[in-house]
>>> print(open('upload.cif').read())   # mmCIF, C-alpha atoms and all ligand atoms
data_run
#
loop_
_atom_site.label_atom_id
_atom_site.label_comp_id
_atom_site.auth_asym_id
_atom_site.auth_seq_id
_atom_site.Cartn_x
_atom_site.Cartn_y
_atom_site.Cartn_z
CA MET A 20 107.77 86.24 103.91
CA CYS A 21 104.28 86.70 102.59
CA ARG A 22 104.08 85.91 98.95
CA VAL A 23 100.52 87.16 98.56
CA SER A 24 101.21 90.66 99.81
CA ARG A 25 104.37 90.87 97.74
CA ARG A 26 102.42 89.89 94.67
CA GLU A 27 99.70 92.41 95.44
CA MET A 28 102.27 95.14 95.77
CA LEU A 29 103.97 94.03 92.63
CA LEU A 30 100.74 94.10 90.72
CA GLY A 31 99.91 97.50 92.20
CA GLY A 32 103.29 98.81 91.16
CA ALA A 33 102.92 97.41 87.68
CA ALA A 34 99.50 98.99 87.33
CA LEU A 35 100.89 102.30 88.45
CA LEU A 36 103.71 102.12 85.96
CA GLY A 37 101.03 101.70 83.33
CA VAL A 38 99.22 104.81 84.57
CA ALA A 39 102.40 106.84 84.63
CA ALA A 40 103.23 105.74 81.12
CA SER A 41 99.83 106.70 79.73
CA GLU A 42 99.94 110.11 81.41
CA SER A 43 103.34 110.77 80.03
CA LYS A 44 102.32 111.72 76.52
CA ALA A 45 100.73 114.98 77.58
CA LYS A 46 103.81 116.34 79.29
CA PRO A 47 106.87 116.74 77.11
CA ILE A 48 110.08 117.78 78.80
CA THR A 49 110.09 121.22 77.21
CA SER A 50 106.87 122.41 78.85
CA GLU A 51 107.38 121.15 82.34
CA LYS A 52 107.26 124.39 84.32
CA THR A 53 104.06 123.57 86.17
CA ALA A 54 103.58 119.93 85.31
CA PRO A 55 103.71 117.61 88.33
CA ALA A 56 105.77 115.10 86.43
CA THR A 57 107.79 115.53 83.32
CA HIS A 58 108.17 112.74 80.89
CA PRO A 59 110.56 112.61 78.03
CA ALA A 60 109.48 110.38 75.22
CA VAL A 61 112.21 107.85 75.90
CA GLU A 62 111.56 104.24 76.72
CA VAL A 63 113.05 102.04 79.37
CA GLY A 64 116.25 100.49 78.07
CA LYS A 65 116.78 103.11 75.36
CA VAL A 66 119.91 105.26 75.27
CA ASP A 67 118.80 108.82 75.93
CA GLN A 68 121.26 111.48 74.79
CA LEU A 69 120.96 114.61 76.93
CA SER A 70 123.77 116.60 75.38
CA ASP A 71 127.00 116.03 73.50
CA GLY A 72 128.65 113.04 75.22
CA ILE A 73 126.10 112.89 78.04
CA TYR A 74 123.65 110.03 78.29
CA PHE A 75 120.84 108.75 80.51
CA HIS A 76 119.46 105.22 80.51
CA GLU A 77 116.30 104.24 82.34
CA GLY A 78 116.75 100.77 83.75
CA ASN A 79 114.10 98.07 83.71
CA ILE A 80 112.77 98.08 87.23
CA LYS A 81 110.96 94.78 86.67
CA ILE A 82 114.34 93.09 86.76
CA GLY A 83 115.64 95.38 89.45
CA HIS A 84 117.80 97.63 87.33
CA CYS A 85 118.43 101.21 88.37
CA ASN A 86 118.85 104.12 86.03
CA ASN A 87 122.31 104.90 84.67
CA GLY A 88 124.13 107.80 83.16
CA TRP A 89 127.44 108.10 81.40
CA ILE A 90 129.64 110.94 80.28
CA ILE A 91 132.19 110.55 77.51
CA PHE A 92 135.24 112.63 78.41
CA GLU A 93 138.18 113.28 76.11
CA ASP A 94 140.11 110.25 77.37
CA TYR A 95 137.65 108.08 79.26
CA VAL A 96 134.05 107.34 80.20
CA LEU A 97 132.55 107.98 83.63
CA VAL A 98 129.48 105.86 84.39
CA ILE A 99 126.90 106.87 86.96
CA ASP A 100 125.80 103.90 89.04
CA ALA A 101 127.14 100.39 88.76
CA ASN A 102 123.65 98.85 88.69
CA PHE A 103 123.23 95.13 89.40
CA PRO A 104 125.71 92.90 87.55
CA SER A 105 123.09 92.17 84.88
CA GLY A 106 122.37 95.89 84.55
CA ALA A 107 126.07 96.60 84.04
CA GLN A 108 126.24 93.84 81.42
CA GLU A 109 123.26 95.38 79.65
CA ILE A 110 124.70 98.88 79.29
CA ILE A 111 128.36 98.14 78.62
CA PRO A 112 127.69 97.25 74.96
CA LYS A 113 125.46 100.32 74.65
CA ILE A 114 128.35 102.53 75.80
CA LYS A 115 130.85 100.71 73.58
CA ALA A 116 128.59 101.26 70.60
CA LEU A 117 129.02 105.02 71.12
CA THR A 118 132.72 105.32 71.86
CA ASP A 119 136.10 103.59 71.80
CA LYS A 120 137.19 105.49 74.91
CA PRO A 121 137.86 103.24 77.88
CA ILE A 122 135.32 103.10 80.69
CA ARG A 123 137.52 104.22 83.59
CA PHE A 124 135.17 105.09 86.46
CA ALA A 125 131.90 103.73 87.82
CA PHE A 126 130.34 106.05 90.39
CA ASP A 127 128.11 104.40 93.01
CA THR A 128 125.51 106.97 94.11
CA HIS A 129 124.94 104.82 97.23
CA HIS A 130 125.51 101.33 98.61
CA HIS A 131 122.32 99.52 97.56
CA GLY A 132 122.68 96.42 95.45
CA ASP A 133 120.93 97.80 92.41
CA HIS A 134 123.42 100.68 92.35
CA ALA A 135 126.64 99.06 93.55
CA TYR A 136 126.58 95.29 93.09
CA GLY A 137 127.71 95.63 89.48
CA ASN A 138 131.06 97.09 90.59
CA GLN A 139 132.95 93.88 89.90
CA VAL A 140 131.64 93.83 86.33
CA TRP A 141 132.97 97.35 85.77
CA VAL A 142 136.31 96.36 87.28
CA GLU A 143 136.50 93.43 84.86
CA ASN A 144 135.90 95.97 82.10
CA GLY A 145 138.73 98.22 83.22
CA ALA A 146 136.91 100.69 85.48
CA VAL A 147 137.38 101.66 89.12
CA PRO A 148 134.36 102.04 91.41
CA VAL A 149 134.23 105.55 92.90
CA ALA A 150 132.02 106.73 95.76
CA HIS A 151 131.51 109.03 98.70
CA THR A 152 133.20 107.60 101.82
CA GLY A 153 129.74 107.05 103.33
CA VAL A 154 129.07 104.27 100.82
CA VAL A 155 131.81 102.16 102.36
CA ASP A 156 130.58 103.06 105.87
CA GLU A 157 127.14 101.82 104.89
CA MET A 158 128.55 98.67 103.33
CA LYS A 159 130.36 97.94 106.58
CA LYS A 160 126.97 98.00 108.33
CA TYR A 161 125.06 95.81 105.90
CA GLU A 162 127.61 93.78 103.95
CA THR A 163 128.67 91.82 106.99
CA GLY A 164 129.53 88.75 104.92
CA TYR A 165 132.18 90.62 102.95
CA TYR A 166 133.66 92.18 106.07
CA GLY A 167 134.15 88.86 107.81
CA GLY A 168 130.94 88.46 109.78
CA ALA A 169 127.59 86.77 109.32
CA PRO A 170 126.05 86.65 105.83
CA GLY A 171 124.70 90.09 104.91
CA ARG A 172 122.72 91.66 102.16
CA TRP A 173 124.84 90.40 99.29
CA GLU A 174 124.44 86.80 100.40
CA ASN A 175 120.72 87.35 100.84
CA GLU A 176 120.41 88.88 97.40
CA ALA A 177 122.39 86.05 95.86
CA LYS A 178 119.64 83.64 96.88
CA SER A 179 117.25 85.13 94.37
CA ARG A 180 119.54 86.72 91.78
CA GLU A 181 121.67 84.66 89.49
CA ASP A 182 123.71 87.69 88.39
CA VAL A 183 124.65 88.39 92.02
CA ARG A 184 125.51 84.74 92.60
CA GLY A 185 127.79 84.88 89.58
CA SER A 186 129.71 87.95 90.74
CA LYS A 187 131.20 89.27 93.97
CA LEU A 188 130.94 92.35 96.11
CA LYS A 189 133.52 94.95 95.21
CA PRO A 190 133.34 97.98 97.50
CA PRO A 191 134.38 101.25 95.86
CA SER A 192 138.10 101.91 96.29
CA VAL A 193 138.40 105.50 95.10
CA LEU A 194 136.64 107.54 97.78
CA PHE A 195 135.87 111.19 98.32
CA PRO A 196 134.76 112.84 101.58
CA ARG A 197 132.72 115.73 100.10
CA GLU A 198 133.37 116.20 96.43
CA MET A 199 135.26 114.85 93.43
CA ILE A 200 135.58 116.68 90.15
CA PHE A 201 136.05 115.33 86.63
CA ASP A 202 136.86 118.13 84.21
CA ASP A 203 138.63 117.93 80.86
CA GLY A 204 137.77 121.47 79.81
CA LYS A 205 134.81 120.34 77.79
CA HIS A 206 132.85 118.27 80.25
CA ARG A 207 132.64 118.82 83.97
CA VAL A 208 131.06 116.44 86.46
CA GLU A 209 131.04 117.18 90.17
CA LEU A 210 130.32 114.24 92.44
CA ARG A 211 128.91 115.74 95.59
CA TYR A 212 127.82 114.62 99.02
CA LEU A 213 124.96 116.91 100.11
CA GLY A 214 123.79 115.26 103.33
CA VAL A 215 121.84 112.31 104.72
CA GLY A 216 118.83 111.21 102.68
CA HIS A 217 117.95 107.88 101.14
CA THR A 218 121.03 106.51 102.94
CA HIS A 219 123.86 107.96 104.99
CA GLY A 220 126.14 107.87 102.00
CA ASP A 221 124.22 109.38 99.06
CA ALA A 222 126.11 111.42 96.53
CA TYR A 223 124.92 113.23 93.43
CA ALA A 224 126.54 113.82 90.06
CA TRP A 225 126.16 117.46 89.05
CA LEU A 226 126.92 118.74 85.57
CA PRO A 227 127.04 122.53 86.03
CA LYS A 228 127.40 123.44 82.35
CA GLU A 229 124.34 121.53 81.22
CA LYS A 230 122.49 121.87 84.56
CA ILE A 231 121.88 118.15 84.72
CA LEU A 232 121.66 116.39 88.08
CA PHE A 233 121.95 112.64 88.54
CA THR A 234 120.47 111.95 91.96
CA GLY A 235 120.62 108.22 92.57
CA ASP A 236 117.74 107.23 94.88
CA ALA A 237 117.97 110.52 96.77
CA CYS A 238 115.34 111.44 94.21
CA VAL A 239 113.10 108.97 92.44
CA ASN A 240 110.21 109.60 90.08
CA GLY A 241 107.37 107.35 91.15
CA PRO A 242 106.53 104.92 93.97
CA TYR A 243 110.12 103.80 94.54
CA ASN A 244 111.06 105.47 97.80
CA PHE A 245 112.70 103.08 100.24
CA VAL A 246 113.23 104.84 103.55
CA GLY A 247 114.78 102.07 105.65
CA ASP A 248 118.43 103.15 105.54
CA GLY A 249 118.06 106.93 105.65
CA ASN A 250 116.34 109.71 107.55
CA ILE A 251 113.29 111.47 106.10
CA GLU A 252 113.64 114.71 108.07
CA LYS A 253 117.27 115.13 107.03
CA TRP A 254 116.39 114.01 103.52
CA ILE A 255 114.06 117.01 103.10
CA ALA A 256 116.89 119.36 104.12
CA THR A 257 119.34 117.61 101.82
CA ILE A 258 116.97 118.05 98.89
CA ASP A 259 117.05 121.79 99.66
CA GLU A 260 120.79 121.64 99.07
CA ALA A 261 120.24 119.78 95.82
CA LYS A 262 117.65 122.34 94.71
CA LYS A 263 120.19 125.15 95.22
CA LEU A 264 122.24 123.72 92.39
CA GLY A 265 119.59 124.91 89.95
CA ALA A 266 119.29 121.79 87.85
CA LYS A 267 117.08 121.88 84.77
CA ILE A 268 117.16 118.14 84.13
CA ILE A 269 116.80 115.58 86.90
CA CYS A 270 117.96 112.03 86.22
CA PRO A 271 116.47 110.06 89.13
CA GLY A 272 117.61 106.71 90.49
CA HIS A 273 114.37 105.06 89.38
CA GLY A 274 111.60 106.24 87.10
CA GLU A 275 111.60 108.61 84.19
CA ARG A 276 113.85 111.58 83.97
CA GLY A 277 112.26 114.97 84.26
CA ALA A 278 112.76 118.64 85.05
CA GLU A 279 113.57 120.33 88.35
CA THR A 280 109.96 119.76 89.42
CA VAL A 281 110.83 116.14 90.17
CA LEU A 282 113.10 117.27 92.99
CA ASN A 283 110.30 119.49 94.33
CA ASP A 284 107.77 116.68 94.12
CA GLN A 285 110.01 114.20 95.88
CA GLN A 286 110.57 116.69 98.69
CA LYS A 287 106.91 117.69 98.87
CA TYR A 288 105.88 114.07 99.20
CA PHE A 289 108.02 113.71 102.32
CA ARG A 290 106.87 117.08 103.72
CA SER A 291 103.21 116.16 103.23
CA LEU A 292 103.77 112.71 104.66
CA ARG A 293 105.28 114.25 107.78
CA GLU A 294 102.37 116.71 108.02
CA GLU A 295 99.86 113.87 107.89
CA VAL A 296 101.66 111.90 110.58
CA ARG A 297 102.09 115.00 112.72
CA LYS A 298 98.32 115.63 112.52
CA LEU A 299 97.63 112.13 113.79
CA ILE A 300 100.08 112.53 116.66
CA LYS A 301 98.64 115.95 117.59
CA ALA A 302 95.13 114.50 117.55
CA LYS A 303 96.40 112.09 120.23
CA LYS A 304 95.77 109.02 118.14
CA SER A 305 97.09 105.82 119.62
CA PRO A 306 99.99 104.06 117.90
CA GLU A 307 97.51 101.39 116.79
CA GLN A 308 95.21 104.03 115.29
CA ILE A 309 98.12 105.65 113.49
CA ARG A 310 99.20 102.30 112.14
CA ASP A 311 95.66 101.70 110.91
CA SER A 312 95.48 105.13 109.26
CA SER A 313 97.79 104.29 106.40
CA GLU A 314 95.01 104.14 103.80
CA GLN A 315 93.65 107.47 105.00
CA VAL A 316 97.13 109.04 104.84
CA LYS A 317 97.64 107.60 101.40
CA THR A 318 94.32 109.05 100.22
CA ALA A 319 95.25 112.47 101.58
CA LEU A 320 98.62 112.37 99.84
CA LYS A 321 97.14 111.16 96.59
CA ALA A 322 94.77 114.14 96.55
CA ASP A 323 97.77 116.28 95.59
CA ALA A 324 98.43 115.55 91.92
CA SER A 325 102.06 116.64 92.14
CA ILE A 326 102.91 113.88 94.63
CA ALA A 327 100.25 111.22 94.04
CA ARG A 328 102.68 109.02 92.14
CA TYR A 329 104.89 108.73 95.22
CA ALA A 330 102.01 107.60 97.44
CA GLU A 331 101.30 104.40 95.54
CA GLY A 332 103.94 102.43 97.37
CA ASP A 333 104.07 101.15 100.91
CA ALA A 334 102.69 104.12 102.84
CA LEU A 335 102.77 102.15 106.08
CA ALA A 336 106.55 101.77 105.99
CA HIS A 337 106.87 105.49 105.26
CA ILE A 338 104.49 106.38 108.12
CA GLU A 339 106.31 104.05 110.46
CA LYS A 340 109.63 105.72 109.64
CA VAL A 341 108.26 109.24 110.18
CA TYR A 342 106.56 108.19 113.43
CA GLU A 343 109.82 106.77 114.68
CA GLU A 344 111.72 109.91 113.73
CA MET A 345 109.12 112.11 115.48
CA THR A 346 108.55 110.11 118.65
CA GLY A 347 111.54 107.81 119.00
CA LYS A 348 109.09 104.91 119.19
CA LYS A 349 108.11 102.21 116.78
CA LEU A 350 104.53 101.64 115.72
CA PRO A 351 103.06 98.33 116.92
CA ALA A 352 102.96 97.15 113.32
CA SER A 353 106.61 97.87 112.93
CA GLN A 354 107.70 94.31 112.39
CA LYS A 355 105.11 93.78 109.72
CA ALA A 356 105.73 97.20 108.25
CA SER A 357 109.44 96.77 107.97
CA ARG A 358 109.04 93.34 106.50
CA GLU A 359 106.72 94.85 103.89
CA ALA A 360 109.16 97.67 103.35
CA ARG A 361 111.87 95.14 102.65
CA ASP A 362 109.53 93.33 100.32
CA LEU A 363 108.61 96.55 98.60
CA HIS A 364 112.24 97.49 98.27
CA ALA A 365 112.71 94.06 96.81
CA VAL A 366 109.88 94.81 94.44
CA ALA A 367 111.31 98.17 93.52
CA HIS A 368 114.68 96.60 93.02
CA GLY A 369 113.39 93.52 91.24
CA ARG A 370 114.49 90.94 93.72
CA GLN A 371 111.45 88.72 93.31
CA SER A 372 112.81 86.56 90.58
CA ASP A 373 109.90 84.14 90.89
CA PHE A 374 107.51 86.92 90.07
CA VAL A 375 109.69 88.30 87.30
CA MET A 376 109.65 84.87 85.71
CA ASP A 377 105.90 84.86 86.17
CA ARG A 378 105.49 88.21 84.50
CA ARG A 379 107.68 87.26 81.60
CA HIS A 380 105.70 84.14 81.17
CA HIS A 381 102.37 85.92 81.18
CA HIS A 382 103.19 89.25 79.67
CA GLY A 383 106.32 88.69 77.66
CA HIS A 384 109.30 90.95 78.20
CA SER A 385 107.25 94.12 78.21
ZN ZN B 1 118.54 102.64 96.90
#
>>> encode(input="upload.cif", output="structure tokens")
Amino acid sequence: MCRVSRREMLLGGAALLGVAASESKAKPITSEKTAPATHPAVEVGKVDQLSDGIYFHEGNIKIGHCNNGWIIFEDYVLVIDANFPSGAQEIIPKIKALTDKPIRFAFDTHHHGDHAYGNQVWVENGAVPVAHTGVVDEMKKYETGYYGGAPGRWENEAKSREDVRGSKLKPPSVLFPREMIFDDGKHRVELRYLGVGHTHGDAYAWLPKEKILFTGDACVNGPYNFVGDGNIEKWIATIDEAKKLGAKIICPGHGERGAETVLNDQQKYFRSLREEVRKLIKAKKSPEQIRDSSEQVKTALKADASIARYAEGDALAHIEKVYEEMTGKKLPASQKASREARDLHAVAHGRQSDFVMDRRHHHGHS
């Protein structure tokens, strides 16, 4: 593992977050029609009320936390995403400050640690983890330690995260194959599987009355796309399905919430990325040349203001994935690229506790 490159990426990501934050003031959520990104004036870690009984909470990505949502029904609370154990611990008091209703369900949008490793914490607080069946299928692939094999992702994560070490993997036990509906007459939440994307088990939470869509990492808002467990070509088609819902508010898995444009931008980033890689293949570039074109691809993508914020991450890992999907072959840099992708995912999901400590030390808890 290369500490220097991880640090560089971390610093790059932090710088970008700063840019995104400073741009945000010009684009309030009410005038988002043509804006490339929409930015509500809500800070990370602040409870963001979207409607009566419906909340969004942007997690602190520096410590790996994903975004959360929760809906207060007549008799219970449904939470969207379990987060890491420390993320769950952070928002439970925030929910309890708003309602005495019991937290009954924690919906995992997908199997990744920053969305599902907090399940045990929710169970200890009276909730049941709920997910699309694909989440358990994915866990069976990657959580080999839990399923009786060699140490898997949980055990790896536990090396660097104290909250993971102090908890245990709890796969979701209430599963739905396509759809699950929560409806008490006042609030309605439809948990829906729309196709392969960020993983093979992504599901969305759709609130048809308020036209709010919680996407998990199937849609992020910024340089947080990890493509290792999914399929980019299918992802684009799945976003078409999500767009058909007609959401007005998008609550992404990471980054600020925004309007429907966020879904468009996420999809356009992948479309443009594929176009750029296709051009290189058509121009008969060698795999080595394609591998070495990542800066050029990144520059081309960043020229489009609506998707520039997605191109700040590890373009090489994204190019590698597209190349593999298009040709069935890996780029020669694939080992390096996938290692960096893992590192970047770690960055995006806050797994570099050494760096987090570093940042806190130098920059406080900002
Ligand atoms: Zn994820």
>>> closest_residue(input="upload.cif", among="A:Gly145, A:Pro104, A:Gly88, A:Gly235", to="ligand ZN 1 (chain B)", atoms="all atoms listed in the file")
A:Gly235
>>> closest_residue(input="upload.cif", among="A:Lys113, A:Arg293, A:His134, A:Lys81", to="ligand ZN 1 (chain B)", atoms="all atoms listed in the file")
A:His134
>>> residues_near_ligand(input="upload.cif", ligand="ligand ZN 1 (chain B)", cutoff="9 Å", atoms="all atoms listed in the file", output="PyMOL selection string")
chain A and resi 85+128-134+217-218+235-237+243-246+248+272-273+364+368
>>> atom_distance(input="upload.cif", atom1="atom CA of Asp203 of chain A", atom2="atom CA of Ala116 of chain A")
22.0 Å
>>> residues_around(input="upload.cif", residues="segment 164-173 of chain A", least_positions_apart="5", cutoff="12 Å", atoms="all atoms listed in the file", output="list of chain:residue names")
A:Phe103, A:His130, A:His131, A:Gly132, A:Asp133, A:Ala135, A:Tyr136, A:Gly137, A:Val155, A:Asp156, A:Glu157, A:Met158, A:Lys159, A:Lys178, A:Ser179, A:Arg180, A:Glu181, A:Asp182, A:Val183, A:Arg184, A:Gly185, A:Ser186, A:Lys187, A:Leu188, A:Lys189, A:Pro190, A:Arg361, A:Ala365, A:Arg370
>>> closest_residue(input="upload.cif", among="A:Ile309, A:Val296, A:Ile111, A:Val281", to="Ile326 of chain A", atoms="all atoms listed in the file")
A:Val281
>>> residues_around(input="upload.cif", residues="segment 69-79 of chain A", least_positions_apart="6", cutoff="10 Å", atoms="only C-alpha atoms", output="PyMOL selection string")
chain A and resi 61-63+85-93+96-99+102+106+109-110+113-114+117-118+205-206+226+229+231+233+268+270-276+368-369+385
>>> closest_residue(input="upload.cif", among="A:Ala261, A:Leu292, A:Val316, A:Ile300", to="Thr346 of chain A", atoms="all atoms listed in the file")
A:Ile300
>>> atom_distance(input="upload.cif", atom1="atom CA of Ala302 of chain A", atom2="atom CA of Ile255 of chain A")
23.9 Å
>>> closest_residue(input="upload.cif", among="A:Lys303, A:Lys228, A:Lys160, A:His151", to="Tyr212 of chain A", atoms="only C-alpha atoms")
A:His151
>>> residues_around(input="upload.cif", residues="Val154 of chain A", least_positions_apart="5", cutoff="8 Å", atoms="all atoms listed in the file", output="ChimeraX atom specification")
/A:127,129-130,191,219-221
>>> closest_residue(input="upload.cif", among="A:Ala146, A:Val341, A:Ile269, A:Leu264", to="Phe289 of chain A", atoms="only C-alpha atoms")
A:Val341
>>> atom_distance(input="upload.cif", atom1="atom CA of Asp119 of chain A", atom2="atom CA of Met199 of chain A")
24.4 Å
